[in-house]
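> My structure file my_file-v5.txt, compact mmCIF, C-alpha atoms, is below:
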# COMPACT_ATOMS: atom_id res chain seq x y z
CA MET A 1 -20.76 23.52 14.72
CA ALA A 2 -19.20 23.87 11.26
CA GLY A 3 -15.74 23.54 12.81
CA ILE A 4 -16.74 20.27 14.46
CA PHE A 5 -17.98 18.85 11.15
CA ASN A 6 -14.78 19.97 9.44
CA ARG A 7 -12.67 18.23 12.07
CA LEU A 8 -14.78 15.08 11.78
CA PHE A 9 -14.41 15.17 8.01
CA LYS A 10 -10.64 15.56 8.28
CA ILE A 11 -10.47 12.66 10.74
CA SER A 12 -12.53 10.39 8.49
CA GLN A 13 -10.47 11.49 5.49
CA SER A 14 -7.21 10.69 7.27
CA GLU A 15 -8.59 7.30 8.30
CA ALA A 16 -9.54 6.60 4.69
CA HIS A 17 -6.02 7.49 3.55
CA SER A 18 -4.63 5.26 6.30
CA ILE A 19 -6.74 2.35 5.10
CA VAL A 20 -5.54 2.89 1.55
CA ASP A 21 -1.93 3.06 2.74
CA LYS A 22 -2.34 -0.24 4.60
CA LEU A 23 -3.46 -2.16 1.56
CA GLU A 24 -1.19 -5.18 1.42
CA ASP A 25 -1.26 -5.60 -2.36
CA PRO A 26 -2.63 -2.70 -4.46
CA ILE A 27 -1.92 -4.67 -7.63
CA LYS A 28 -4.31 -7.42 -6.53
CA MET A 29 -6.90 -4.79 -5.70
CA THR A 30 -6.45 -3.31 -9.18
CA GLU A 31 -6.80 -6.75 -10.75
CA GLN A 32 -10.00 -7.25 -8.77
CA GLY A 33 -11.29 -3.89 -10.05
CA ILE A 34 -10.56 -4.93 -13.63
CA ARG A 35 -12.36 -8.23 -13.09
CA GLU A 36 -15.39 -6.32 -11.82
CA LEU A 37 -15.24 -4.05 -14.87
CA LYS A 38 -15.19 -7.14 -17.07
CA ILE A 39 -18.29 -8.41 -15.30
CA ASP A 40 -19.95 -5.05 -15.97
CA LEU A 41 -18.84 -5.29 -19.59
CA SER A 42 -20.29 -8.78 -19.90
CA GLU A 43 -23.61 -7.61 -18.45
CA ALA A 44 -23.63 -4.55 -20.69
CA MET A 45 -22.93 -6.69 -23.76
CA GLN A 46 -25.77 -9.00 -22.78
CA SER A 47 -28.11 -6.00 -22.44
CA LEU A 48 -26.85 -4.67 -25.77
CA ALA A 49 -27.56 -7.99 -27.43
CA GLU A 50 -31.10 -8.01 -25.98
CA ILE A 51 -31.77 -4.44 -27.13
CA LYS A 52 -30.40 -5.18 -30.59
CA GLY A 53 -32.53 -8.32 -30.74
CA LEU A 54 -35.62 -6.32 -29.77
CA ALA A 55 -34.79 -3.66 -32.34
CA ILE A 56 -34.45 -6.32 -35.02
CA ARG A 57 -37.83 -7.81 -34.08
CA LEU A 58 -39.47 -4.39 -34.10
CA LYS A 59 -37.99 -3.64 -37.50
CA LYS A 60 -39.32 -6.93 -38.87
CA GLN A 61 -42.76 -6.36 -37.32
CA ALA A 62 -42.85 -2.82 -38.74
CA ASP A 63 -41.90 -4.10 -42.18
CA ASP A 64 -44.55 -6.81 -41.95
CA ALA A 65 -47.16 -4.25 -40.88
CA GLY A 66 -46.18 -2.02 -43.80
CA LYS A 67 -46.45 -4.91 -46.23
CA LEU A 68 -49.82 -5.84 -44.74
CA ALA A 69 -51.04 -2.27 -45.25
CA GLN A 70 -49.89 -2.38 -48.87
CA ASP A 71 -51.67 -5.70 -49.32
CA PHE A 72 -54.90 -4.26 -47.90
CA GLU A 73 -54.61 -1.32 -50.26
CA ARG A 74 -54.06 -3.64 -53.22
CA LYS A 75 -57.13 -5.72 -52.23
CA ALA A 76 -59.31 -2.60 -51.90
CA MET A 77 -58.24 -1.54 -55.37
CA LEU A 78 -59.12 -4.97 -56.77
CA LEU A 79 -62.55 -4.83 -55.15
CA LEU A 80 -63.26 -1.44 -56.68
CA GLN A 81 -62.04 -2.65 -60.07
CA ARG A 82 -64.35 -5.65 -59.93
CA GLY A 83 -67.23 -3.40 -58.94
CA GLN A 84 -66.50 -1.22 -61.94
CA THR A 85 -66.20 -4.14 -64.36
CA GLY A 86 -69.40 -5.75 -63.11
CA GLU A 87 -67.70 -8.77 -61.67
CA MET A 88 -69.15 -7.75 -58.30
CA ASP A 89 -71.98 -5.67 -57.10
CA PRO A 90 -70.60 -2.09 -57.03
CA ALA A 91 -72.17 -1.33 -53.64
CA GLN A 92 -70.85 -4.56 -52.15
CA ALA A 93 -67.45 -3.95 -53.69
CA GLU A 94 -67.29 -0.47 -52.20
CA GLN A 95 -68.42 -1.73 -48.79
CA LEU A 96 -65.75 -4.40 -48.74
CA ALA A 97 -63.17 -1.93 -50.02
CA MET A 98 -64.00 0.44 -47.16
CA GLU A 99 -63.57 -2.37 -44.64
CA VAL A 100 -60.26 -3.37 -46.20
CA LEU A 101 -59.10 0.26 -46.16
CA SER A 102 -59.99 0.41 -42.48
CA GLU A 103 -57.69 -2.56 -41.89
CA LYS A 104 -55.07 -0.84 -44.01
CA GLU A 105 -55.19 2.24 -41.79
CA SER A 106 -54.81 0.06 -38.69
CA ALA A 107 -51.83 -1.68 -40.29
CA ASP A 108 -50.35 1.71 -41.21
CA ARG A 109 -50.75 2.94 -37.65
CA ARG A 110 -49.23 -0.25 -36.31
CA ALA A 111 -46.37 -0.02 -38.79
CA ALA A 112 -45.73 3.62 -37.85
CA GLN A 113 -45.71 2.76 -34.13
CA LEU A 114 -43.46 -0.21 -34.68
CA PHE A 115 -41.05 1.90 -36.75
CA GLN A 116 -40.99 4.51 -33.97
CA ASP A 117 -40.29 1.84 -31.36
CA TYR A 118 -37.61 0.41 -33.63
CA HIS A 119 -35.88 3.79 -33.99
CA ASN A 120 -36.01 4.31 -30.23
CA GLN A 121 -34.54 0.90 -29.52
CA ASN A 122 -31.96 1.34 -32.25
CA ALA A 123 -30.90 4.70 -30.78
CA MET A 124 -30.59 3.10 -27.35
CA SER A 125 -28.65 0.25 -28.91
CA GLN A 126 -26.20 2.68 -30.53
CA GLN A 127 -25.76 4.58 -27.29
CA LEU A 128 -25.18 1.38 -25.35
CA GLN A 129 -22.82 0.19 -28.06
CA GLY A 130 -20.78 3.35 -27.56
CA LYS A 131 -20.71 2.77 -23.81
CA VAL A 132 -19.66 -0.85 -24.31
CA ASP A 133 -16.89 0.21 -26.69
CA ASP A 134 -15.69 2.83 -24.21
CA LEU A 135 -15.76 0.30 -21.37
CA ARG A 136 -13.88 -2.23 -23.49
CA LYS A 137 -11.23 0.39 -24.34
CA THR A 138 -11.00 1.41 -20.69
CA ILE A 139 -10.46 -2.18 -19.59
CA SER A 140 -7.82 -2.66 -22.27
CA THR A 141 -6.08 0.54 -21.18
CA TYR A 142 -6.19 -0.51 -17.52
CA GLU A 143 -4.83 -3.96 -18.36
CA ASN A 144 -1.94 -2.46 -20.33
CA GLU A 145 -1.21 0.00 -17.53
CA LEU A 146 -1.42 -2.81 -14.99
CA ILE A 147 1.19 -4.78 -16.93
CA THR A 148 3.47 -1.75 -16.93
CA LEU A 149 2.78 -0.96 -13.27
CA ARG A 150 3.34 -4.58 -12.28
CA ALA A 151 6.75 -4.50 -13.95
CA ARG A 152 7.54 -1.13 -12.38
CA ALA A 153 6.41 -2.37 -8.98
CA LYS A 154 8.66 -5.43 -9.29
CA THR A 155 11.60 -3.24 -10.26
CA ALA A 156 10.86 -0.79 -7.46
CA THR A 157 10.62 -3.63 -4.94
CA SER A 158 13.97 -5.00 -6.08
CA MET A 159 15.54 -1.56 -5.89
CA ARG A 160 14.05 -1.02 -2.43
CA LYS A 161 15.47 -4.32 -1.18
CA VAL A 162 18.90 -3.51 -2.60
CA ASN A 163 18.84 -0.03 -1.10
CA GLN A 164 17.73 -1.46 2.22
CA GLN A 165 20.65 -3.86 2.15
CA LEU A 166 23.03 -1.02 1.36
CA ALA A 167 21.51 1.14 4.08
CA ARG A 168 21.74 -1.73 6.54
CA ILE A 169 25.42 -2.17 5.67
CA ASP A 170 26.12 1.49 6.35
CA SER A 171 24.05 1.55 9.53
CA SER A 172 25.79 -1.51 10.95
CA SER A 173 29.21 0.08 10.33
CA THR A 174 30.44 -2.90 8.37
CA ILE A 175 33.00 -0.74 6.60
CA ASN A 176 34.28 0.55 9.93
CA MET A 177 34.54 -2.97 11.23
CA LEU A 178 36.54 -3.98 8.18
CA GLU A 179 38.88 -1.06 8.70
CA LYS A 180 39.33 -2.02 12.35
CA MET A 181 39.92 -5.60 11.30
CA LYS A 182 42.60 -4.47 8.83
CA GLN A 183 44.24 -2.41 11.56
CA LYS A 184 44.10 -5.34 13.97
CA VAL A 185 45.64 -7.70 11.41
CA THR A 186 48.38 -5.16 10.66
CA GLU A 187 49.13 -4.88 14.38
CA GLU A 188 49.23 -8.65 14.75
CA GLU A 189 51.58 -8.93 11.77
CA SER A 190 53.87 -6.24 13.20
CA LEU A 191 53.82 -7.88 16.62
CA ALA A 192 54.65 -11.26 15.09
CA THR A 193 57.59 -9.70 13.23
CA ALA A 194 58.82 -8.03 16.42
CA TYR A 195 58.64 -11.29 18.37
CA GLY A 196 60.52 -12.97 15.57
CA GLU A 197 63.26 -10.38 15.70
CA VAL A 198 63.43 -10.63 19.48
CA ALA A 199 63.60 -14.39 19.31
CA ALA A 200 66.35 -14.23 16.68
CA GLY A 201 68.31 -11.68 18.76
CA THR A 202 68.05 -13.75 21.93
CA THR A 203 69.30 -16.87 20.20
CA THR A 204 72.27 -15.01 18.73
CA THR A 205 73.24 -13.49 22.07
CA LEU A 206 72.98 -16.81 23.89
CA GLU A 207 75.00 -18.59 21.25
CA ALA A 208 77.67 -15.89 21.34
CA ARG A 209 77.92 -16.13 25.10
CA VAL A 210 78.20 -19.90 25.01
CA ASN A 211 80.89 -19.79 22.32
CA GLN A 212 82.78 -17.14 24.25
CA ALA A 213 82.62 -19.19 27.42
CA LEU A 214 83.75 -22.29 25.62
CA SER A 215 86.61 -20.53 23.86
CA SER A 216 87.87 -18.94 27.12
CA ARG A 217 87.84 -22.22 28.97
CA SER A 218 89.65 -23.93 26.10
CA ALA A 219 92.42 -21.28 26.17
CA ASP A 220 92.87 -21.70 29.92
CA ASN A 221 93.07 -25.45 29.56
CA GLN A 222 95.65 -25.06 26.80
CA ARG A 223 97.90 -22.85 28.99
CA SER A 224 97.59 -25.25 31.91
CA LEU A 225 98.61 -28.13 29.69
CA GLU A 226 101.64 -26.24 28.38
CA ASP A 227 102.73 -25.27 31.91
CA LEU A 228 102.49 -28.90 32.98
CA LYS A 229 104.64 -30.06 30.03
CA ARG A 230 107.34 -27.44 30.79
CA LYS A 231 107.37 -28.53 34.39
CA MET A 232 107.93 -32.08 33.29
CA GLY A 233 110.69 -30.93 30.93
CA LEU A 234 108.75 -31.96 27.86
CA LEU A 235 108.76 -28.42 26.58
CA PRO A 236 111.57 -25.86 26.80
CA PRO A 237 111.10 -23.13 29.27
CA SER A 238 109.16 -20.23 27.94
CA SER A 239 111.29 -17.19 27.11
CA SER A 240 110.04 -14.17 28.92
CA PRO A 241 110.53 -10.79 27.32
CA PRO A 242 113.67 -8.96 28.55
CA SER A 243 113.22 -6.24 31.11
CA GLU A 244 114.19 -2.59 30.47
CA GLY A 245 117.06 -2.70 33.11
CA ALA A 246 118.69 -5.74 31.57
CA GLY A 247 119.01 -4.07 28.27
CA GLN A 248 120.96 -1.19 29.70
Just dump the structure as structure tokens.

Amino acid sequence: MAGIFNRLFKISQSEAHSIVDKLEDPIKMTEQGIRELKIDLSEAMQSLAEIKGLAIRLKKQADDAGKLAQDFERKAMLLLQRGQTGEMDPAQAEQLAMEVLSEKESADRRAAQLFQDYHNQNAMSQQLQGKVDDLRKTISTYENELITLRARAKTATSMRKVNQQLARIDSSSTINMLEKMKQKVTEEESLATAYGEVAAGTTTTLEARVNQALSSRSADNQRSLEDLKRKMGLLPPSSSPPSEGAGQ
């Protein structure tokens, strides 16, 4: 049974990681988290203001109760003085003084309770103030980190795109294609040069053959013309080289 729960936990954990990995924009999620923290901070500051306001009221009420107790005590003392000086009936003065002192004790008790409530509220106010300060510092830290992370994320995205382009260039064998293109161009250039040389050689050979043919025919025509002139007596007979027998 424990193994089943462990497997279920691992499955749910992997699904949670998968959900986190599929977040389209973690920066926006972080910004949303900071906005929620700011809402919490605003509510905490409102509570802090209410607690501080209550503490201030309790302090004022406690001070007023203390002053009232002092006033009752002063009045009781005046009553006793008048009873002693004969300005009032001593018994009546003492009776009124006792009643005033009873009010004084009630005011003292009220003042003591109010001071206790004030100290409690003030302690809570100080604690909440510390929490508010910590939350404000945390938000400020998160905002500064978010600025840095946003810049880093932008840089990382740019680097990733550049690296992807470079990887795509390598994977598509662009360099190999360029090398093949260079080889093809070199072959075409060589072939063009070869055809040019062949064409130049063919023209030279044809021209030489034509010139040779023309020059041979011209020589034959020249000999025929000379033979005809000799036959007509226009030219002297051609002297043939002596034979070896005639010389002897």
> Around the point (-52.2, -1.7, -38.4) in the file's coordinates, collect all residues with an atom within 12 Å, using all atoms listed in the file, and return them as a PyMOL selection string.
chain A and resi 61-72+100-115
> Enter the distance from CA of Asp25 in chain A to CA of Ser42 in chain A, in Å, rounded to one decimal.
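Taking CA of Asp25 in chain A and CA of Ser42 in chain A, their separation equals 26.1 Å.
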> Pick from A:Ala153, A:Arg160, A:Thr138, A:Met181: nearest to Pro26 in chain A, with only C-alpha atoms counted?
A:Ala153
> For Ser140 in chain A, work out the shell of residues within 12 Å, counting all atoms listed in the file and skipping chain neighbours fewer than 4 positions away, then give it as a VMD selection string.
chain A and resid 34 to 35 37 to 38 41 133 to 136 144 to 147
> Work out how far apart CA of Ala55 in chain A and CA of Asn122 in chain A are and give it in Å to one decimal.
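Computing the Euclidean distance for CA of Ala55 in chain A and CA of Asn122 in chain A yields 5.7 Å.
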> Can you work out which one of A:Gln165, A:Thr186, A:Thr85, A:Ala76 has the shortest atom-to-atom distance to Glu99 in chain A, counting all atoms listed in the file?
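Residue with the minimum atom-to-atom distance to Glu99 in chain A: A:Ala76.
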> Please identify all polymer residues within 8 Å of Ala93 in chain A, counting only C-alpha atoms, omitting same-chain residues fewer than 2 positions from it, and present them as a ChimeraX atom specification.
/A:79-80,82-83,88-91,95-97
> I'd like the neighbourhood of Glu50 in chain A as a ChimeraX atom specification, where a residue qualifies if any of its atoms comes within 12 Å (using only C-alpha atoms), though same-chain residues fewer than 4 positions away should be ignored.
/A:43-46,54-57,121-122,124-125,128-129
> For CA of Val132 in chain A and CA of Asp40 in chain A, quote the distance in Å rounded to one decimal.
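Separation of CA of Val132 in chain A and CA of Asp40 in chain A: 9.3 Å.
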